[in-house]
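Source file run_38.cif; content: mmCIF, C-alpha atoms and all ligand atoms.
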data_entry
#
loop_
_atom_site.label_atom_id
_atom_site.label_comp_id
_atom_site.auth_asym_id
_atom_site.auth_seq_id
_atom_site.Cartn_x
_atom_site.Cartn_y
_atom_site.Cartn_z
CA MET A 1 2.96 -0.80 -36.36
CA LEU A 2 -0.30 -1.43 -34.49
CA LEU A 3 1.15 -4.18 -32.27
CA SER A 4 4.76 -5.15 -31.86
CA VAL A 5 5.93 -7.69 -29.36
CA GLU A 6 9.69 -7.48 -29.02
CA GLN A 7 11.75 -10.26 -27.44
CA VAL A 8 9.27 -10.76 -24.61
CA HIS A 9 9.87 -13.09 -21.69
CA ARG A 10 7.32 -13.93 -18.97
CA SER A 11 7.87 -16.49 -16.22
CA TYR A 12 5.74 -17.59 -13.30
CA ARG A 13 7.18 -18.57 -9.96
CA MET A 14 5.34 -21.56 -8.55
CA PRO A 15 4.70 -22.01 -4.82
CA ARG A 16 7.80 -23.13 -2.95
CA ARG A 17 7.63 -26.87 -2.41
CA ARG A 18 10.62 -27.38 -0.13
CA MET A 19 11.80 -24.95 2.45
CA PHE A 20 15.41 -24.32 1.52
CA ARG A 21 15.06 -24.79 -2.25
CA ALA A 22 14.37 -22.13 -4.86
CA PRO A 23 10.75 -22.37 -5.98
CA PRO A 24 10.24 -23.80 -9.48
CA VAL A 25 9.85 -21.26 -12.30
CA ILE A 26 7.77 -21.78 -15.44
CA ALA A 27 8.90 -19.86 -18.52
CA ALA A 28 5.50 -19.32 -20.18
CA VAL A 29 6.74 -17.00 -22.93
CA GLN A 30 10.40 -17.03 -23.96
CA GLY A 31 11.90 -14.38 -26.23
CA LEU A 32 8.79 -14.00 -28.32
CA SER A 33 8.53 -11.42 -31.11
CA LEU A 34 5.67 -10.68 -33.48
CA THR A 35 3.85 -7.84 -35.19
CA VAL A 36 0.25 -7.17 -36.21
CA ALA A 37 -0.42 -4.46 -38.77
CA GLN A 38 -3.64 -2.44 -38.94
CA GLY A 39 -6.48 -4.57 -40.28
CA GLU A 40 -4.41 -7.76 -40.20
CA VAL A 41 -5.44 -11.06 -38.63
CA LEU A 42 -2.52 -12.88 -37.04
CA GLY A 43 -3.40 -16.42 -35.98
CA ILE A 44 -1.60 -17.97 -33.02
CA VAL A 45 -1.79 -21.74 -32.80
CA GLY A 46 -0.27 -24.10 -30.28
CA GLU A 47 -1.23 -26.86 -27.90
CA SER A 48 -2.47 -26.29 -24.36
CA GLY A 49 0.27 -24.85 -22.17
CA SER A 50 2.27 -23.36 -25.04
CA GLY A 51 1.87 -19.82 -23.66
CA LYS A 52 -0.96 -18.46 -25.83
CA SER A 53 -3.07 -17.00 -23.02
CA THR A 54 0.02 -15.52 -21.37
CA LEU A 55 0.76 -13.76 -24.66
CA ALA A 56 -2.85 -12.49 -24.74
CA ARG A 57 -2.58 -11.06 -21.20
CA LEU A 58 0.71 -9.35 -22.06
CA VAL A 59 -0.81 -7.78 -25.18
CA MET A 60 -3.81 -6.60 -23.16
CA GLY A 61 -1.43 -5.03 -20.64
CA PHE A 62 -2.93 -7.12 -17.80
CA GLU A 63 0.61 -8.28 -17.03
CA ARG A 64 3.97 -6.81 -17.82
CA PRO A 65 6.85 -8.67 -19.43
CA ASP A 66 9.87 -9.67 -17.33
CA GLN A 67 12.01 -8.70 -20.31
CA GLY A 68 11.26 -7.18 -23.70
CA ARG A 69 8.44 -4.86 -24.73
CA VAL A 70 4.83 -5.04 -25.89
CA LEU A 71 4.05 -1.92 -27.93
CA LEU A 72 0.66 -0.72 -29.13
CA ASN A 73 1.11 2.10 -31.60
CA GLY A 74 4.55 2.54 -30.07
CA GLN A 75 3.37 2.76 -26.42
CA GLU A 76 3.96 0.09 -23.81
CA ALA A 77 0.78 -1.96 -23.29
CA HIS A 78 0.92 -2.20 -19.50
CA ARG A 79 1.07 1.56 -19.01
CA LEU A 80 -1.35 2.92 -21.57
CA PRO A 81 -3.64 5.77 -20.59
CA ALA A 82 -7.35 4.81 -20.53
CA ALA A 83 -8.25 6.14 -23.97
CA ALA A 84 -5.40 4.25 -25.65
CA ARG A 85 -6.22 1.14 -23.61
CA ARG A 86 -9.69 1.02 -25.19
CA GLN A 87 -7.99 0.51 -28.57
CA THR A 88 -7.39 -3.12 -27.59
CA GLN A 89 -10.32 -5.31 -26.57
CA MET A 90 -10.56 -8.98 -25.76
CA VAL A 91 -12.92 -11.88 -26.40
CA PHE A 92 -12.59 -14.94 -24.16
CA GLN A 93 -13.46 -18.60 -24.64
CA ASP A 94 -16.32 -18.22 -22.16
CA PRO A 95 -18.54 -15.21 -22.96
CA SER A 96 -19.79 -15.25 -19.35
CA ASP A 97 -16.41 -13.77 -18.40
CA SER A 98 -17.44 -10.46 -19.95
CA LEU A 99 -21.24 -10.47 -19.39
CA ASP A 100 -22.84 -9.67 -16.05
CA PRO A 101 -25.77 -12.10 -15.53
CA ARG A 102 -27.75 -9.43 -13.63
CA ARG A 103 -27.45 -6.78 -16.33
CA SER A 104 -29.36 -6.46 -19.60
CA ILE A 105 -27.48 -7.13 -22.82
CA GLY A 106 -27.85 -3.49 -23.81
CA TRP A 107 -26.20 -2.38 -20.57
CA SER A 108 -23.34 -4.89 -20.91
CA ILE A 109 -22.43 -4.06 -24.48
CA THR A 110 -22.37 -0.32 -23.89
CA GLU A 111 -20.70 -0.42 -20.47
CA PRO A 112 -17.24 0.15 -22.02
CA LEU A 113 -18.63 3.45 -23.32
CA LEU A 114 -19.60 4.79 -19.87
CA ALA A 115 -16.15 6.26 -19.36
CA MET A 116 -16.55 8.13 -22.64
CA GLY A 117 -19.53 10.06 -21.22
CA LEU A 118 -22.25 8.95 -23.64
CA ARG A 119 -25.81 9.94 -22.76
CA ALA A 120 -28.61 7.38 -22.37
CA ALA A 121 -30.13 8.04 -25.79
CA GLU A 122 -26.74 7.67 -27.46
CA ARG A 123 -26.05 4.42 -25.61
CA HIS A 124 -29.45 3.09 -26.68
CA ALA A 125 -28.75 3.87 -30.34
CA ARG A 126 -25.26 2.39 -30.07
CA ALA A 127 -26.61 -0.81 -28.46
CA ALA A 128 -29.10 -1.27 -31.31
CA ASP A 129 -26.38 -0.73 -33.90
CA LEU A 130 -23.95 -3.14 -32.18
CA LEU A 131 -26.56 -5.90 -31.92
CA ALA A 132 -27.38 -5.56 -35.61
CA ARG A 133 -23.68 -5.78 -36.45
CA VAL A 134 -23.31 -9.11 -34.66
CA GLY A 135 -26.50 -10.58 -36.15
CA LEU A 136 -28.91 -10.07 -33.25
CA ALA A 137 -32.08 -8.00 -33.00
CA PRO A 138 -31.99 -4.50 -31.50
CA ALA A 139 -34.86 -5.51 -29.16
CA ASP A 140 -32.51 -8.11 -27.62
CA MET A 141 -30.88 -5.27 -25.68
CA HIS A 142 -33.61 -5.63 -23.04
CA ARG A 143 -32.99 -9.34 -22.47
CA TYR A 144 -30.50 -11.07 -20.13
CA PRO A 145 -27.54 -13.39 -20.84
CA HIS A 146 -29.31 -16.60 -19.69
CA GLU A 147 -31.96 -16.12 -22.40
CA PHE A 148 -29.40 -16.73 -25.16
CA SER A 149 -27.57 -19.77 -26.56
CA GLY A 150 -23.79 -20.15 -26.24
CA GLY A 151 -23.22 -18.93 -29.79
CA GLN A 152 -25.49 -15.92 -29.25
CA ARG A 153 -23.72 -15.09 -25.98
CA GLN A 154 -20.39 -15.12 -27.81
CA ARG A 155 -21.88 -12.71 -30.38
CA ILE A 156 -22.92 -10.46 -27.48
CA ALA A 157 -19.43 -10.63 -25.98
CA ILE A 158 -18.06 -9.64 -29.40
CA ALA A 159 -20.52 -6.72 -29.54
CA ARG A 160 -19.22 -5.55 -26.17
CA ALA A 161 -15.61 -5.88 -27.36
CA ILE A 162 -16.17 -3.79 -30.50
CA SER A 163 -18.32 -1.17 -28.78
CA PRO A 164 -15.48 1.30 -28.02
CA ASP A 165 -14.33 0.95 -31.65
CA PRO A 166 -11.00 -0.80 -30.98
CA ALA A 167 -8.22 -1.16 -33.54
CA LEU A 168 -7.15 -4.58 -32.23
CA LEU A 169 -9.18 -7.52 -30.98
CA VAL A 170 -7.45 -10.21 -28.94
CA ALA A 171 -9.56 -13.36 -29.28
CA ASP A 172 -8.39 -16.21 -27.01
CA GLU A 173 -10.03 -19.49 -28.09
CA PRO A 174 -13.26 -17.64 -28.99
CA VAL A 175 -14.95 -20.66 -30.60
CA ALA A 176 -13.46 -23.52 -28.54
CA ALA A 177 -16.59 -23.97 -26.42
CA LEU A 178 -19.03 -23.93 -29.36
CA ASP A 179 -20.49 -26.68 -31.54
CA VAL A 180 -18.80 -26.97 -34.92
CA SER A 181 -21.73 -25.48 -36.88
CA VAL A 182 -21.91 -22.52 -34.49
CA GLN A 183 -18.11 -22.15 -34.64
CA ALA A 184 -18.32 -21.46 -38.37
CA GLN A 185 -20.95 -18.75 -37.85
CA VAL A 186 -18.92 -16.97 -35.18
CA LEU A 187 -15.76 -17.21 -37.31
CA ASN A 188 -17.69 -15.69 -40.23
CA LEU A 189 -18.82 -12.86 -37.98
CA LEU A 190 -15.25 -12.13 -36.89
CA LEU A 191 -14.07 -12.19 -40.50
CA GLU A 192 -16.87 -9.82 -41.49
CA LEU A 193 -15.90 -7.40 -38.69
CA ASN A 194 -12.30 -7.59 -39.85
CA LEU A 195 -13.36 -6.63 -43.38
CA THR A 196 -16.03 -4.03 -42.60
CA LEU A 197 -14.37 -2.31 -39.63
CA GLY A 198 -10.75 -2.94 -40.56
CA LEU A 199 -10.44 -4.56 -37.14
CA ALA A 200 -7.05 -6.22 -36.64
CA MET A 201 -6.94 -9.43 -34.61
CA LEU A 202 -4.65 -11.57 -32.59
CA PHE A 203 -6.65 -14.76 -33.04
CA ILE A 204 -5.65 -17.58 -30.69
CA SER A 205 -6.66 -21.24 -30.94
CA HIS A 206 -5.28 -24.71 -30.30
CA ASP A 207 -6.97 -25.77 -33.57
CA LEU A 208 -4.92 -25.16 -36.71
CA ALA A 209 -7.94 -25.59 -39.03
CA VAL A 210 -9.85 -22.91 -37.10
CA VAL A 211 -6.88 -20.52 -37.22
CA ALA A 212 -6.31 -21.19 -40.94
CA SER A 213 -9.95 -20.31 -41.69
CA ILE A 214 -9.54 -16.73 -40.47
CA ALA A 215 -5.88 -15.67 -40.30
CA ASP A 216 -3.84 -13.78 -42.90
CA ARG A 217 -0.66 -15.04 -41.26
CA ILE A 218 -0.06 -17.79 -38.72
CA ALA A 219 2.50 -18.08 -35.93
CA VAL A 220 2.94 -21.53 -34.39
CA MET A 221 3.77 -21.52 -30.66
CA HIS A 222 5.53 -24.30 -28.80
CA HIS A 223 6.88 -24.08 -25.23
CA GLY A 224 6.54 -20.28 -25.16
CA ARG A 225 8.29 -19.66 -28.46
CA ILE A 226 7.21 -19.08 -32.05
CA ILE A 227 8.71 -21.97 -33.97
CA GLU A 228 7.27 -21.16 -37.39
CA THR A 229 5.48 -18.21 -38.94
CA GLY A 230 4.26 -17.31 -42.41
CA PRO A 231 1.29 -16.55 -44.63
CA THR A 232 -1.62 -18.91 -43.95
CA ALA A 233 -1.52 -20.44 -47.44
CA ARG A 234 2.16 -21.33 -47.03
CA ILE A 235 1.78 -22.77 -43.53
CA VAL A 236 -1.15 -24.89 -44.72
CA SER A 237 0.39 -26.11 -47.98
CA ALA A 238 3.99 -26.52 -46.86
CA PRO A 239 4.47 -26.57 -43.09
CA ALA A 240 8.21 -26.53 -42.52
CA HIS A 241 8.55 -27.46 -38.86
CA PRO A 242 7.88 -31.06 -37.76
CA TYR A 243 5.73 -29.72 -34.91
CA THR A 244 3.48 -27.83 -37.37
CA GLN A 245 3.23 -30.97 -39.47
CA ALA A 246 2.20 -32.88 -36.35
CA LEU A 247 -0.51 -30.29 -35.62
CA PHE A 248 -1.94 -30.98 -39.09
CA ALA A 249 -1.70 -34.71 -38.62
CA ALA A 250 -3.65 -34.37 -35.37
CA ALA A 251 -6.40 -32.28 -36.98
N1 LIG A 301 -0.75 -17.22 -13.49
C1 LIG A 301 0.04 -18.31 -13.67
N2 LIG A 301 0.74 -18.83 -12.65
C2 LIG A 301 1.53 -19.91 -12.83
N3 LIG A 301 1.70 -20.53 -14.01
C3 LIG A 301 1.04 -20.05 -15.05
C4 LIG A 301 0.16 -18.93 -14.96
N4 LIG A 301 -0.37 -18.69 -16.18
C5 LIG A 301 0.15 -19.62 -17.01
N5 LIG A 301 0.99 -20.44 -16.34
C6 LIG A 301 1.76 -21.55 -16.93
O1 LIG A 301 2.39 -21.05 -18.10
C7 LIG A 301 2.34 -21.98 -19.16
C8 LIG A 301 1.59 -21.38 -20.33
O2 LIG A 301 0.22 -21.24 -19.99
P1 LIG A 301 -0.84 -20.53 -20.92
O3 LIG A 301 -0.30 -19.20 -21.34
O4 LIG A 301 -2.14 -20.55 -20.22
O5 LIG A 301 -0.87 -21.49 -22.21
P2 LIG A 301 -2.05 -21.80 -23.25
O6 LIG A 301 -3.00 -20.64 -23.25
O7 LIG A 301 -1.32 -21.97 -24.55
O8 LIG A 301 -2.70 -23.07 -22.82
C9 LIG A 301 1.67 -23.22 -18.58
O9 LIG A 301 2.68 -24.09 -18.13
C10 LIG A 301 0.88 -22.68 -17.42
O10 LIG A 301 0.70 -23.67 -16.43
MG MG A 302 -5.06 -20.55 -23.05
#
Show the structure stored in the file as structure tokens.
Amino acid sequence: MLLSVEQVHRSYRMPRRRMFRAPPVIAAVQGLSLTVAQGEVLGIVGESGSGKSTLARLVMGFERPDQGRVLLNGQEAHRLPAAARRQTQMVFQDPSDSLDPRRSIGWSITEPLLAMGLRAAERHARAADLLARVGLAPADMHRYPHEFSGGQRQRIAIARAISPDPALLVADEPVAALDVSVQAQVLNLLLELNLTLGLAMLFISHDLAVVASIADRIAVMHHGRIIETGPTARIVSAPAHPYTQALFAAA
């Protein structure tokens, strides 16, 4: 299995508020299990604070679980060697988080390849190819982030994420900051990359309609747990859990 999350717990200790009292603890993810197969898009939906971004950080290996395991191709995510770590890449809500304002687009999208020892000519060719894949012009590699719209910047962040040829993309609210018309274009791009590259995704959003438009399966998160999971068509046509029904009612 490409990704398997097994009974994972992750809590955060808040700053101590009173001297002789135990500091409060927030259980962000509680006994969560899921799998993502190669080429599959698993949608994670849940309201703000339900633990979605914590799950994303655990899958990326940025944090380690307190209990349970996060396995990528059978290896624990937080202790992967560099080459295996490149197999999982992330796209954030704000593309600025992964683009250096002082660097050209071409530099930013091929930076993840530096460690792989590519020569300048190879990086140039790869930058042109990546920009074409995300619907931008190869000549855009010489421009800077501020010269692009929000939707274009998210395309560039996606180009950077796919540049080391990952097997899994973790997308945490990738369209939440975009206008609705631009959202649809970026979702189409992600779907196209899923189909053409066989890129698997953990696609996270608070918006059930957005998740349903791209996911093969959906897992609904609530208070750090998955309360319902199933094929997208089933979740959409017959949500079983009252909380899932409420998410639809709110949409
Ligand atoms: N680094 C952190 N320190 C303390 N609390 C955190 C931290 N990260 C997340 N939390 C808390 O964990 C819970 C889940 O947060 P998060 O994973 O960001 O949810 P979501 O992405 O679904 O909005 C929230 O109550 C949040 O305040
Ligand atoms: Mg979040």
Around range 201-217 of chain A, with edges along x, y and z and 8 Å added on all six sides, what centre and edge lengths do you get, in Å to one decimal, as lines of an AutoDock Vina configuration file?
center_x = -5.3
center_y = -17.6
center_z = -36.6
size_x = 25.3
size_y = 32.3
size_z = 28.6
### Task
May I ask you to write as a PyMOL selection string all residues lying at most 9 Å from ligand MG 302 (chain A), with only C-alpha atoms and all ligand atoms counted?
chain A and resi 47-54+56+93+172-173+204-206
Polymer residues at most 10 Å from Ile162 in chain A, all atoms listed in the file, same-chain spacing of 3 or more positions, as a PDB file with C-alpha atoms, in the coordinates of the input:
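around_14.pdb, written as the output of this step:
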ATOM      1  CA  ARG A  86      -9.690   1.020 -25.190  1.00  0.00           C
ATOM      2  CA  GLN A  87      -7.990   0.510 -28.570  1.00  0.00           C
ATOM      3  CA  THR A  88      -7.390  -3.120 -27.590  1.00  0.00           C
ATOM      4  CA  GLN A  89     -10.320  -5.310 -26.570  1.00  0.00           C
ATOM      5  CA  MET A  90     -10.560  -8.980 -25.760  1.00  0.00           C
ATOM      6  CA  VAL A  91     -12.920 -11.880 -26.400  1.00  0.00           C
ATOM      7  CA  ILE A 109     -22.430  -4.060 -24.480  1.00  0.00           C
ATOM      8  CA  THR A 110     -22.370  -0.320 -23.890  1.00  0.00           C
ATOM      9  CA  PRO A 112     -17.240   0.150 -22.020  1.00  0.00           C
ATOM     10  CA  LEU A 130     -23.950  -3.140 -32.180  1.00  0.00           C
ATOM     11  CA  ARG A 133     -23.680  -5.780 -36.450  1.00  0.00           C
ATOM     12  CA  VAL A 134     -23.310  -9.110 -34.660  1.00  0.00           C
ATOM     13  CA  ILE A 156     -22.920 -10.460 -27.480  1.00  0.00           C
ATOM     14  CA  ALA A 157     -19.430 -10.630 -25.980  1.00  0.00           C
ATOM     15  CA  ILE A 158     -18.060  -9.640 -29.400  1.00  0.00           C
ATOM     16  CA  ALA A 159     -20.520  -6.720 -29.540  1.00  0.00           C
ATOM     17  CA  ASP A 165     -14.330   0.950 -31.650  1.00  0.00           C
ATOM     18  CA  PRO A 166     -11.000  -0.800 -30.980  1.00  0.00           C
ATOM     19  CA  ALA A 167      -8.220  -1.160 -33.540  1.00  0.00           C
ATOM     20  CA  LEU A 168      -7.150  -4.580 -32.230  1.00  0.00           C
ATOM     21  CA  LEU A 169      -9.180  -7.520 -30.980  1.00  0.00           C
ATOM     22  CA  LEU A 193     -15.900  -7.400 -38.690  1.00  0.00           C
ATOM     23  CA  LEU A 197     -14.370  -2.310 -39.630  1.00  0.00           C
ATOM     24  CA  LEU A 199     -10.440  -4.560 -37.140  1.00  0.00           C
TER      25      LEU A 199
END
### Message
Just checking: using only C-alpha atoms and all ligand atoms, which residue out of A:Val220, A:Leu189, A:Ala28, A:Ala171 ends up closest to ligand LIG 301 (chain A)?
### Response
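Under the stated criterion, the closest residue is A:Ala28.
With CA of Ala125 in chain A on one side and CA of Arg153 in chain A on the other, the separation reads 20.1 Å.
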### Message
For range 221-229 of chain A, find every residue with an atom within 12 Å (counting only C-alpha atoms), except residues of its own chain fewer than 3 positions away, and show them as a PyMOL selection string.
### Response
chain A and resi 5+7-11+26-35+42-55+204-208+215-218+232-236+238-247
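Ranking A:Leu191, A:Met14, A:Met141, A:Ala127 by their shortest atom-to-atom distance to ligand LIG 301 (chain A), with all atoms listed in the file included, puts A:Met14 first.
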### Query
Pick the closest to Leu114 in chain A from A:Ser163, A:Val41, A:Val59, A:Leu3: which is it, counting all atoms listed in the file?
A:Ser163
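What separates CA of Ala139 in chain A from CA of Leu187 in chain A is a distance of 23.8 Å.
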#### Entry: Among the residues A:Gly61, A:Gly117, A:Gly74, A:Pro15, the one that comes closest to ligand LIG 301 (chain A) [using all atoms listed in the file]
A:Pro15
### Query
When you draw a straight line from CA of Arg16 in chain A to CA of Gly68 in chain A, how long is it in Å?
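These atoms are spaced 26.4 Å apart.
Proximity to Arg85 in chain A was assessed for A:Val36, A:Leu72, A:Val186, A:Ile105 counting only C-alpha atoms; the smallest distance is recorded for A:Leu72.
Restricting the calculation to all atoms listed in the file, the smallest distance between ligand LIG 301 (chain A) and any of A:Glu76, A:Met19, A:Ala121, A:Phe203 is found for A:Phe203.
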### Query
Do you know which residues lie at most 12 Å from (-25.3, -17.2, -21.0), with coordinates as in the file and all atoms listed in the file counted, and could you write them as an MDAnalysis selection string?
chainID A and resid 94:105 143:157
### Message
Counting only C-alpha atoms, I want the residues whose atoms come within 10 Å of (1.5, -2.8, -17.5) in the file frame, returned as a PyMOL selection string.
### Response
chain A and resi 57-65+70+76-80
